[in-house]
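Enquirer: My structure is stored as final.txt, with compact mmCIF, C-alpha atoms.
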# COMPACT_ATOMS: atom_id res chain seq x y z
CA MET A 704 -2.17 42.02 17.50
CA ARG A 705 -0.31 44.85 19.24
CA PHE A 706 -0.38 46.92 16.07
CA SER A 707 -4.16 46.53 15.66
CA VAL A 708 -4.74 47.50 19.28
CA TYR A 709 -2.58 50.62 18.97
CA VAL A 710 -4.29 51.72 15.76
CA LEU A 711 -7.72 51.05 17.25
CA ILE A 712 -6.80 53.15 20.29
CA GLY A 713 -5.59 55.91 17.97
CA ILE A 714 -8.80 55.91 15.93
CA SER A 715 -10.98 55.85 19.07
CA LEU A 716 -9.05 58.73 20.63
CA THR A 717 -9.31 60.77 17.41
CA ILE A 718 -13.09 60.29 17.25
CA PHE A 719 -13.32 60.94 21.00
CA GLN A 720 -11.42 64.19 20.52
CA SER A 721 -13.70 65.36 17.72
CA SER A 722 -16.94 64.51 19.50
CA ILE A 723 -16.61 64.55 23.27
CA LEU A 724 -13.67 66.91 23.75
CA SER A 725 -15.49 69.45 21.56
CA ALA A 726 -18.05 69.76 24.36
CA LEU A 727 -15.37 71.11 26.70
CA PRO A 728 -14.06 74.67 26.43
CA ILE A 729 -10.48 73.69 25.58
CA GLU A 730 -10.21 75.42 22.23
CA PHE A 731 -6.73 76.68 23.04
CA PHE A 732 -5.35 73.24 23.91
CA LYS A 733 -6.14 70.60 21.33
CA PRO A 734 -4.08 67.46 21.68
CA ASP A 735 -2.90 65.45 18.69
CA PHE A 736 -3.44 61.81 19.59
CA GLY A 737 -1.99 60.71 16.26
CA ILE A 738 1.60 61.77 16.99
CA PRO A 739 2.17 59.69 20.17
CA LEU A 740 0.75 56.57 18.52
CA ILE A 741 2.75 57.05 15.32
CA ILE A 742 5.96 57.52 17.31
CA TYR A 743 5.23 54.63 19.66
CA THR A 744 4.39 52.27 16.79
CA THR A 745 7.36 53.38 14.67
CA LEU A 746 9.89 53.12 17.48
CA PHE A 747 8.63 49.97 19.17
CA LEU A 748 7.09 47.95 16.33
CA GLY A 749 9.27 49.02 13.41
CA PRO A 750 8.82 51.03 10.21
CA GLN A 751 6.32 48.68 8.55
CA ALA A 752 3.80 48.97 11.38
CA GLY A 753 4.70 52.64 11.80
CA LEU A 754 3.98 53.44 8.16
CA ILE A 755 0.61 51.68 8.14
CA ALA A 756 -0.37 53.32 11.45
CA THR A 757 0.68 56.70 10.04
CA LEU A 758 -1.46 56.27 6.93
CA ILE A 759 -4.53 55.12 8.86
CA LEU A 760 -4.34 57.79 11.57
CA ALA A 761 -3.56 60.58 9.08
CA LEU A 762 -6.56 59.56 6.99
CA PHE A 763 -8.86 59.58 10.02
CA GLN A 764 -7.57 62.95 11.14
CA GLU A 765 -8.17 64.40 7.69
CA ILE A 766 -11.72 63.05 7.67
CA LEU A 767 -12.40 64.93 10.91
CA SER A 768 -10.71 68.16 9.93
CA ASN A 769 -11.18 71.02 7.52
CA ALA A 770 -7.46 70.99 6.70
CA PRO A 771 -6.63 71.01 2.97
CA GLN A 772 -6.60 67.56 1.34
CA GLY A 773 -3.30 65.77 1.73
CA SER A 774 -1.84 68.23 4.25
CA ILE A 775 -2.22 66.09 7.36
CA LEU A 776 -1.05 63.03 5.41
CA PHE A 777 2.04 64.98 4.36
CA THR A 778 2.92 66.18 7.85
CA LYS A 779 2.26 62.82 9.48
CA LEU A 780 4.37 60.99 6.88
CA SER A 781 7.15 63.51 7.48
CA VAL A 782 6.91 62.83 11.21
CA PHE A 783 7.14 59.08 10.49
CA ILE A 784 10.20 59.47 8.24
CA ILE A 785 11.98 61.73 10.72
CA ALA A 786 11.16 59.37 13.61
CA THR A 787 12.51 56.43 11.60
CA PHE A 788 15.75 58.26 10.84
CA LEU A 789 16.13 59.38 14.45
CA LYS A 790 15.29 55.96 15.86
CA LYS A 791 18.75 55.46 17.34
CA GLN A 792 18.96 59.01 18.64
CA LEU A 793 15.58 59.05 20.36
CA TYR A 794 16.14 57.48 23.75
CA ILE A 795 12.89 56.65 25.47
CA ASP A 796 13.59 55.45 28.99
CA SER A 797 10.40 56.63 30.66
CA LYS A 798 6.97 58.07 30.05
CA TYR A 799 8.44 61.53 30.54
CA SER A 800 11.04 61.25 27.79
CA PHE A 801 8.28 59.91 25.52
CA SER A 802 6.18 62.93 26.44
CA TYR A 803 9.00 65.37 25.55
CA ILE A 804 9.52 63.66 22.21
CA CYS A 805 5.79 63.83 21.41
CA SER A 806 5.69 67.54 22.28
CA GLY A 807 8.70 68.14 20.06
CA PHE A 808 7.08 66.33 17.15
CA VAL A 809 3.85 68.33 17.54
CA ILE A 810 5.90 71.53 17.23
CA LEU A 811 7.75 70.06 14.26
CA GLU A 812 4.45 69.10 12.60
CA SER A 813 3.13 72.65 12.99
CA PHE A 814 6.23 74.11 11.36
CA LEU A 815 6.04 71.53 8.57
CA PHE A 816 2.44 72.53 7.93
CA MET A 817 3.34 76.21 7.84
CA ALA A 818 6.23 75.53 5.47
CA LEU A 819 3.99 73.44 3.24
CA SER A 820 1.28 76.14 3.03
CA LEU A 821 3.77 78.93 2.54
CA LEU A 822 6.06 77.30 0.00
CA SER A 823 3.53 75.47 -2.14
CA LYS A 824 0.57 77.87 -2.11
CA GLY A 825 2.02 81.08 -0.68
CA GLU A 826 -0.67 81.11 2.00
CA THR A 827 0.24 83.30 4.96
CA GLY A 828 -3.22 83.86 6.42
CA ASN A 829 -3.18 80.96 8.86
CA ILE A 830 0.39 81.35 10.11
CA VAL A 831 -0.55 83.48 13.12
CA ASN A 832 -3.15 80.92 14.21
CA ILE A 833 -0.78 78.01 13.82
CA ILE A 834 1.97 79.75 15.80
CA LEU A 835 -0.55 80.76 18.47
CA TYR A 836 -1.77 77.22 19.00
CA THR A 837 1.45 75.26 18.41
CA PHE A 838 2.92 75.45 21.91
CA PRO A 839 -0.31 74.95 23.89
CA ASN A 840 -1.09 71.97 21.64
CA ALA A 841 2.41 70.57 22.14
CA ILE A 842 2.25 70.95 25.92
CA PHE A 843 -1.19 69.33 26.13
CA THR A 844 -0.22 66.49 23.78
CA GLY A 845 2.94 65.90 25.81
CA PHE A 846 0.94 65.86 29.02
CA LEU A 847 -1.56 63.33 27.68
CA SER A 848 1.26 61.26 26.18
CA ILE A 849 2.43 60.47 29.72
CA PHE A 850 -0.87 58.72 30.43
CA LEU A 851 -1.03 57.19 26.97
CA PHE A 852 2.46 55.72 27.31
CA SER A 853 1.62 54.28 30.74
CA PHE A 854 -1.60 52.83 29.35
CA LEU A 855 0.12 51.24 26.35
CA GLU A 856 2.86 49.80 28.59
CA TYR A 857 0.21 48.42 30.93
CA LEU A 858 -1.59 46.81 27.98
CA ASN A 859 1.70 45.31 26.79
CA MET A 860 2.50 43.78 30.14
CA ARG A 861 -0.98 42.66 31.07
CA PHE A 862 -2.58 41.53 27.82
CA LEU A 863 -0.31 41.78 24.80
CA SER A 864 2.67 39.56 24.20
CA ARG A 865 6.07 41.26 24.34
CA GLU A 866 8.16 40.91 21.21
CA MET B 492 17.27 46.64 3.80
CA LYS B 493 13.67 46.04 4.90
CA ASN B 494 13.64 49.39 6.71
CA THR B 495 14.93 51.14 3.59
CA ILE B 496 12.03 49.78 1.54
CA PHE B 497 9.49 51.28 3.92
CA ILE B 498 11.30 54.60 4.01
CA VAL B 499 11.28 54.67 0.20
CA ILE B 500 7.54 53.85 0.17
CA ALA B 501 6.95 56.60 2.74
CA ALA B 502 8.96 59.06 0.63
CA LEU B 503 6.88 58.18 -2.44
CA LEU B 504 3.66 58.59 -0.45
CA LEU B 505 5.00 61.92 0.78
CA ILE B 506 5.32 63.07 -2.82
CA VAL B 507 1.80 61.81 -3.56
CA SER B 508 0.40 63.68 -0.52
CA PHE B 509 2.19 66.83 -1.69
CA LEU B 510 0.62 66.47 -5.14
CA ILE B 511 -2.81 65.97 -3.52
CA PHE B 512 -2.21 69.12 -1.48
CA THR B 513 -1.41 71.05 -4.64
CA ASN B 514 -4.68 69.80 -6.19
CA THR B 515 -3.38 67.41 -8.84
CA ALA B 516 -6.74 66.41 -10.31
CA PHE B 517 -6.49 62.61 -10.73
CA LEU B 518 -4.86 62.12 -7.32
CA VAL B 519 -7.39 64.34 -5.55
CA LYS B 520 -10.24 62.33 -7.08
CA GLY B 521 -8.75 59.03 -5.93
CA TYR B 522 -7.92 60.36 -2.48
CA SER B 523 -11.43 61.81 -2.03
CA GLY B 524 -12.82 58.39 -2.93
CA ILE B 525 -10.68 56.67 -0.29
CA LYS B 526 -11.59 59.29 2.31
CA GLY B 527 -15.27 58.99 1.42
CA GLY B 528 -15.14 55.21 1.78
CA VAL B 529 -13.41 55.36 5.15
CA SER B 530 -15.72 58.09 6.48
CA GLU B 531 -18.79 56.00 5.59
CA VAL B 532 -17.40 53.29 7.86
CA THR B 533 -16.54 55.67 10.71
CA GLY B 534 -19.83 57.60 10.49
CA PRO B 535 -21.80 55.51 12.99
CA ALA B 536 -18.91 55.65 15.49
CA LEU B 537 -18.91 59.43 15.39
CA SER B 538 -22.69 59.55 15.83
CA LEU B 539 -22.43 57.19 18.78
CA MET B 540 -19.69 59.22 20.45
CA GLY B 541 -21.50 62.48 19.64
CA LYS B 542 -24.37 61.51 21.97
CA PRO B 543 -22.38 61.59 25.24
CA ALA B 544 -21.02 64.98 24.17
CA ASP B 545 -24.33 66.60 25.20
CA LEU B 546 -24.05 64.93 28.59
CA VAL B 547 -20.44 66.11 28.99
CA ARG B 548 -21.49 69.65 28.04
CA HIS B 549 -24.34 69.49 30.54
CA ILE B 550 -22.08 68.19 33.32
CA PHE B 551 -19.48 70.83 32.60
CA ASN B 552 -21.98 73.68 32.57
CA SER B 553 -24.12 72.63 35.48
CA TYR B 554 -21.62 70.94 37.78
CA ILE B 555 -18.05 72.18 37.29
CA ASN B 556 -19.15 75.80 37.06
CA LEU B 557 -21.00 75.37 40.33
CA VAL B 558 -18.04 74.01 42.34
CA GLY B 559 -17.52 77.39 44.04
CA THR B 560 -21.19 77.75 44.86
CA LYS B 561 -21.32 74.24 46.24
CA LYS B 562 -18.76 75.11 48.90
CA GLU B 563 -20.99 77.89 50.16
CA ASN B 564 -23.96 75.56 50.37
CA VAL B 565 -22.40 72.69 52.27
CA GLN B 566 -25.14 72.71 54.90
CA LEU B 567 -27.94 72.25 52.41
CA LYS B 568 -29.80 69.02 52.86
CA ALA B 569 -30.03 66.21 50.32
CA LYS B 570 -33.61 67.06 49.50
CA LEU B 571 -32.70 70.60 48.57
CA GLU B 572 -29.85 69.36 46.36
CA ALA B 573 -32.21 66.99 44.60
CA LEU B 574 -34.62 69.86 44.02
CA GLN B 575 -31.84 72.01 42.64
CA LEU B 576 -30.83 69.23 40.27
CA ASP B 577 -34.45 68.92 39.14
CA HIS B 578 -34.61 72.65 38.64
CA GLN B 579 -31.41 72.55 36.64
CA ARG B 580 -32.83 69.82 34.45
CA ILE B 581 -36.02 71.81 33.87
CA PHE B 582 -33.93 74.87 33.02
CA GLU B 583 -31.96 72.85 30.47
CA ILE B 584 -35.16 71.42 28.98
CA GLU B 585 -36.68 74.91 28.80
CA ASN B 586 -33.58 76.18 27.04
CA GLU B 587 -33.66 73.29 24.58
CA ASN B 588 -37.39 73.83 24.05
CA ARG B 589 -36.82 77.52 23.28
CA ARG B 590 -33.99 76.69 20.87
CA LEU B 591 -35.98 74.02 19.05
CA LYS B 592 -39.02 76.31 18.80
CA ALA B 593 -36.86 78.96 17.17
CA VAL B 594 -35.52 76.34 14.75
CA LEU B 595 -39.08 75.17 13.97
CA ASN B 596 -40.28 78.73 13.40
CA LEU B 597 -37.45 79.29 10.97
CA MET B 598 -38.23 76.01 9.21
CA ASP B 599 -41.94 76.89 8.94
CA GLN B 600 -41.06 80.13 7.20
CA GLN B 601 -39.33 78.25 4.40
CA LYS B 602 -40.88 74.80 4.18
CA ASN B 603 -39.03 72.06 2.25
CA THR B 604 -35.97 74.25 1.87
CA MET B 605 -34.27 73.50 5.16
CA VAL B 606 -32.88 70.43 6.92
CA ALA B 607 -32.35 70.44 10.68
CA ALA B 608 -29.24 68.72 12.02
CA ARG B 609 -27.42 68.22 15.30
CA VAL B 610 -23.78 69.08 15.82
CA VAL B 611 -21.88 65.88 16.67
CA GLY B 612 -18.27 66.98 16.45
CA GLU B 613 -15.76 69.60 15.52
CA ASP B 614 -12.40 69.97 13.81
CA ILE B 615 -9.65 68.03 15.55
CA LYS B 616 -7.15 70.79 14.74
CA ASN B 617 -7.59 74.27 16.17
CA TRP B 618 -5.93 75.75 13.08
CA PHE B 619 -9.20 75.32 11.18
CA LYS B 620 -12.80 75.90 12.22
CA CYS B 621 -15.32 73.32 11.17
CA ILE B 622 -18.19 71.48 12.78
CA ILE B 623 -19.55 68.04 11.91
CA ILE B 624 -23.32 67.55 11.72
CA ASP B 625 -25.35 64.34 11.80
CA LYS B 626 -27.02 64.68 8.40
CA GLY B 627 -25.39 63.63 5.17
CA ARG B 628 -25.97 62.93 1.50
CA ASN B 629 -29.14 60.93 2.24
CA SER B 630 -30.84 64.07 3.56
CA GLY B 631 -30.26 65.89 0.30
CA ILE B 632 -27.30 67.92 1.50
CA ARG B 633 -24.77 68.94 -1.12
CA GLU B 634 -21.59 70.99 -1.11
CA LYS B 635 -21.68 74.79 -0.68
CA MET B 636 -25.08 74.92 1.03
CA PRO B 637 -25.47 77.66 3.66
CA VAL B 638 -25.82 76.60 7.29
CA VAL B 639 -27.75 78.83 9.70
CA THR B 640 -29.36 78.96 13.13
CA ALA B 641 -32.28 81.07 14.30
CA LYS B 642 -29.70 83.66 15.41
CA GLY B 643 -27.84 83.93 12.12
CA LEU B 644 -25.33 82.49 9.70
CA VAL B 645 -22.98 79.63 10.67
CA GLY B 646 -21.10 78.72 7.50
CA GLN B 647 -21.28 76.44 4.48
CA THR B 648 -21.14 72.70 3.85
CA VAL B 649 -17.83 71.52 2.44
CA GLU B 650 -17.61 67.72 2.57
CA ILE B 651 -20.53 65.33 2.61
CA ASN B 652 -20.73 61.61 3.15
CA LYS B 653 -23.59 59.22 3.78
CA TRP B 654 -23.74 59.93 7.52
CA HIS B 655 -22.23 63.32 8.18
CA THR B 656 -21.43 66.70 6.73
CA LYS B 657 -18.45 68.92 7.44
CA VAL B 658 -19.43 72.56 7.79
CA MET B 659 -16.81 75.26 7.36
CA VAL B 660 -17.67 77.80 10.01
CA MET B 661 -17.59 81.46 8.96
CA ASN B 662 -14.66 82.25 11.27
CA ASP B 663 -12.45 79.73 9.46
CA ILE B 664 -9.47 81.36 7.77
CA ASN B 665 -10.73 80.15 4.35
CA SER B 666 -14.25 81.56 4.74
CA SER B 667 -15.26 84.65 2.79
CA ILE B 668 -18.82 86.05 2.54
CA ASP B 669 -20.17 88.96 0.50
CA VAL B 670 -22.17 91.14 2.91
CA TYR B 671 -23.71 94.58 3.15
CA ILE B 672 -24.67 96.75 6.09
CA GLU B 673 -28.38 96.66 6.89
CA GLY B 674 -30.04 99.91 5.89
CA LYS B 675 -26.91 101.30 4.22
CA ASN B 676 -25.24 100.94 0.85
CA THR B 677 -21.90 99.78 2.24
CA ARG B 678 -20.73 96.40 0.96
CA GLY B 679 -17.69 94.33 1.89
CA MET B 680 -16.22 90.86 2.28
CA LEU B 681 -16.61 89.22 5.66
CA GLU B 682 -13.55 87.02 6.19
CA GLY B 683 -12.72 84.52 8.93
CA THR B 684 -9.61 85.04 11.04
CA GLY B 685 -9.44 81.69 12.81
CA GLN B 686 -10.36 83.53 16.02
CA ASN B 687 -13.74 84.52 17.50
CA THR B 688 -13.95 87.82 15.63
CA LEU B 689 -14.22 88.26 11.86
CA LYS B 690 -12.78 90.96 9.59
CA LEU B 691 -14.90 93.05 7.25
CA LYS B 692 -12.62 93.87 4.31
CA TYR B 693 -12.66 96.43 1.51
CA ILE B 694 -14.65 99.09 3.37
CA LEU B 695 -13.47 102.49 2.16
CA LYS B 696 -12.70 105.18 4.71
CA ASN B 697 -15.58 107.33 3.47
CA ASP B 698 -18.09 104.45 3.53
CA GLU B 699 -20.97 104.64 6.00
CA ILE B 700 -20.21 102.28 8.88
CA GLU B 701 -20.32 102.49 12.65
CA ILE B 702 -20.17 100.24 15.71
CA GLY B 703 -23.39 98.28 16.19
CA ASP B 704 -24.25 98.07 12.49
CA LYS B 705 -25.70 94.72 11.48
CA LEU B 706 -24.34 92.80 8.51
CA VAL B 707 -26.50 90.71 6.21
CA THR B 708 -25.54 88.53 3.26
CA SER B 709 -25.83 90.21 -0.14
CA GLY B 710 -26.57 87.03 -2.10
CA LYS B 711 -23.95 87.94 -4.67
CA ASP B 712 -21.34 85.32 -3.82
CA GLY B 713 -23.41 82.48 -5.24
CA ILE B 714 -23.46 80.52 -1.96
CA TYR B 715 -25.40 82.46 0.65
CA PRO B 716 -28.91 83.74 -0.18
CA LYS B 717 -29.66 87.41 0.36
CA GLY B 718 -30.70 88.65 3.79
CA LEU B 719 -29.11 86.18 6.24
CA GLN B 720 -27.89 87.82 9.46
CA ALA B 721 -24.09 87.52 9.46
CA GLY B 722 -22.81 89.57 12.40
CA ILE B 723 -22.50 92.88 14.17
CA VAL B 724 -19.75 95.51 13.83
CA ILE B 725 -17.75 95.79 17.06
CA THR B 726 -14.79 98.02 16.11
CA VAL B 727 -14.17 100.53 13.33
CA ASN B 728 -10.66 101.90 12.89
CA ARG B 729 -10.21 104.61 10.25
CA ASN B 730 -6.72 105.59 11.50
CA LYS B 731 -5.03 102.68 9.75
CA ALA B 732 -2.76 103.54 6.80
CA GLY B 733 -4.27 102.92 3.34
CA ILE B 734 -7.66 103.49 1.75
CA PHE B 735 -9.60 100.83 3.66
CA THR B 736 -11.11 100.92 7.15
CA ASP B 737 -10.19 98.19 9.63
CA VAL B 738 -13.48 96.64 10.81
CA ASP B 739 -13.97 93.82 13.34
CA VAL B 740 -17.21 91.88 13.37
CA MET B 741 -18.71 89.52 15.92
CA SER B 742 -20.95 86.72 14.72
CA PHE B 743 -24.40 86.30 16.26
CA ASN B 744 -23.64 82.66 17.01
CA ASN B 745 -21.20 81.21 19.53
CA PHE B 746 -19.74 78.43 17.39
CA LYS B 747 -18.45 76.53 20.43
CA ARG B 748 -21.96 76.16 21.77
CA LEU B 749 -23.93 75.13 18.72
CA ASP B 750 -26.36 72.28 19.28
CA GLU B 751 -28.70 72.39 16.30
CA VAL B 752 -28.27 73.99 12.90
CA LEU B 753 -30.30 74.30 9.71
CA ILE B 754 -28.97 73.62 6.24
CA VAL B 755 -30.56 75.77 3.55
CA LYS B 756 -31.14 73.59 0.50
CA LYS B 757 -30.63 75.19 -2.86
CA GLN B 758 -33.73 75.21 -5.06
Kindly transcribe the structure held in the file into structure tokens.
Expert:
Amino acid sequence: MRFSVYVLIGISLTIFQSSILSALPIEFFKPDFGIPLIIYTTLFLGPQAGLIATLILALFQEILSNAPQGSILFTKLSVFIIATFLKKQLYIDSKYSFSYICSGFVILESFLFMALSLLSKGETGNIVNIILYTFPNAIFTGFLSIFLFSFLEYLNMRFLSRE
Amino acid sequence: MKNTIFIVIAALLLIVSFLIFTNTAFLVKGYSGIKGGVSEVTGPALSLMGKPADLVRHIFNSYINLVGTKKENVQLKAKLEALQLDHQRIFEIENENRRLKAVLNLMDQQKNTMVAARVVGEDIKNWFKCIIIDKGRNSGIREKMPVVTAKGLVGQTVEINKWHTKVMVMNDINSSIDVYIEGKNTRGMLEGTGQNTLKLKYILKNDEIEIGDKLVTSGKDGIYPKGLQAGIVITVNRNKAGIFTDVDVMSFNNFKRLDEVLIVKKQ
């Protein structure tokens, strides 16, 4: 139940970002709603739920992006694997520590994407853009993660059973 | 043990995603099929959420930008405010009317060759520039069809499903258009930079080009028909090392504020 709710929230936020947020002039700050939900699901519901959430959210993000096929799936799966390995090192005691972790993973994802483009296809054209947007995106995602974490915790306490 | 299994599955999927990224034919075909299937399901949701986007845009333009002005007009009475709101609405309707008339005029010029569509979304990553429009395969749209507005070129269609089409905007890093300068013999490749401006490449230092020159498509790239307005030259730098001139171009369209576009069907 919790897993379905998280994934549904992730999908809704991704579609919301593509449609409604595009109406606002926030080109420089584009949040990645996939990362917080992948990390939250992986760390709090385990790798099985985390992996499925990663696949679903990565697929949805690729549908709504002009990114090369498989690239978002690759970076999101990498984020999932790293989060799983770092499970015992990532200490989330508040919404703020969750926010820092999300920001860090957005930066990591950007560098993974750059490495993937550069090493597999030798593409250097987009590197400047990715570097330019990485930190604003990370800051904005981290900022929104604070509210997302609070919202998910509220849902857990109020409606969803704690495991 | 259970965790290890999922990490192994994830590692295998990681390899598969890498192979898809490197265009391994059979995997790309399968993955496109899955993506197509999922996007057919999500299509209506995007259309539904695309509708309030106009309202959000309207609120942002007409209300948030007027916060400063509002402070100065605190004493204005409710009636006056209502009149101003009405006026604003009329202004928006007039603007929309003008835009739609321009679109209709363009469609009348080339009947049965164009499909009008509304913009319902955009790329969720700011690394790439694409817009999503509310017409899909059912409207006869196919890949690599040019997308224009009354002002000029927008880009080309790249991915189509039943409900929607993804349009790669001409300022995307992967976009490249064969253009020439109106009234001159100079030809070059107009390439996206991922930013608002575009780069006109392969212009020799002794080629005729100056600020304010208009670029039109040459029709030689096999995608864009000849004569579509592509942009205007804003900087020309001949002092750069090498044989080519550094030329910046501004598109005629503001891609952040596109409401309606036309897709040029290939005959």
Enquirer: Write out, as CSV, each residue of chain B that has an atom at most 7 Å from chain A, together with the closest pair of atoms and their distance in Å to one decimal, counting only C-alpha atoms, rows going by chain and rising number.
Expert:
residue,atom,partner,partner_atom,distance
B:Asn494,CA,A:Pro750,CA,6.2
B:Phe497,CA,A:Gln751,CA,6.2
B:Ile498,CA,A:Ile784,CA,6.5
B:Ala501,CA,A:Leu780,CA,6.6
B:Leu505,CA,A:Phe777,CA,5.6
B:Ser508,CA,A:Gly773,CA,4.8
B:Phe509,CA,A:Phe777,CA,6.3
B:Ile511,CA,A:Gly773,CA,5.3
B:Phe512,CA,A:Gly773,CA,4.8
B:Lys526,CA,A:Ile766,CA,6.5
B:Ser530,CA,A:Ile766,CA,6.5
B:Leu537,CA,A:Ile718,CA,6.2
B:Met540,CA,A:Ser722,CA,6.0
B:Gly541,CA,A:Ser722,CA,5.0
B:Pro543,CA,A:Ile723,CA,6.8
B:Ala544,CA,A:Ile723,CA,4.5
B:Val547,CA,A:Ala726,CA,6.4
B:Arg548,CA,A:Ala726,CA,5.0
B:Val611,CA,A:Ser722,CA,5.9
B:Gly612,CA,A:Ser722,CA,4.1
B:Glu613,CA,A:Ser721,CA,5.2
B:Asp614,CA,A:Ser768,CA,4.6
B:Ile615,CA,A:Ser721,CA,5.3
B:Lys616,CA,A:Ser768,CA,6.5
B:Asn617,CA,A:Lys733,CA,6.5
B:Trp618,CA,A:Ile833,CA,5.7
B:Phe619,CA,A:Asn769,CA,6.0
B:Lys620,CA,A:Asn769,CA,7.0
B:Cys621,CA,A:Asn769,CA,6.0
B:Ile664,CA,A:Asn829,CA,6.4
B:Gly685,CA,A:Asn832,CA,6.5
Enquirer: Which one of B:Ile700, B:Val755, B:Val532, B:Leu695 sits closest to B:Leu644 if you count only C-alpha atoms?
Expert: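 So, comparing all the options, the nearest one is B:Val755.
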Enquirer: Tell me, in Å to one decimal, how far atom CA of B:Lys705 is from atom CA of B:Gly718.
Expert: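 A separation of 11.0 Å between them.
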Enquirer: Please measure the separation of atom CA of A:Thr745 and atom CA of A:Ala761, giving the value in Å to one decimal.
Expert: 14.2 Å
Enquirer: Pick from B:Tyr715, B:Arg748, B:Lys642, B:Ile694: nearest to B:Val727, with only C-alpha atoms counted?
Expert: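 Selected residue with least distance to B:Val727: B:Ile694.
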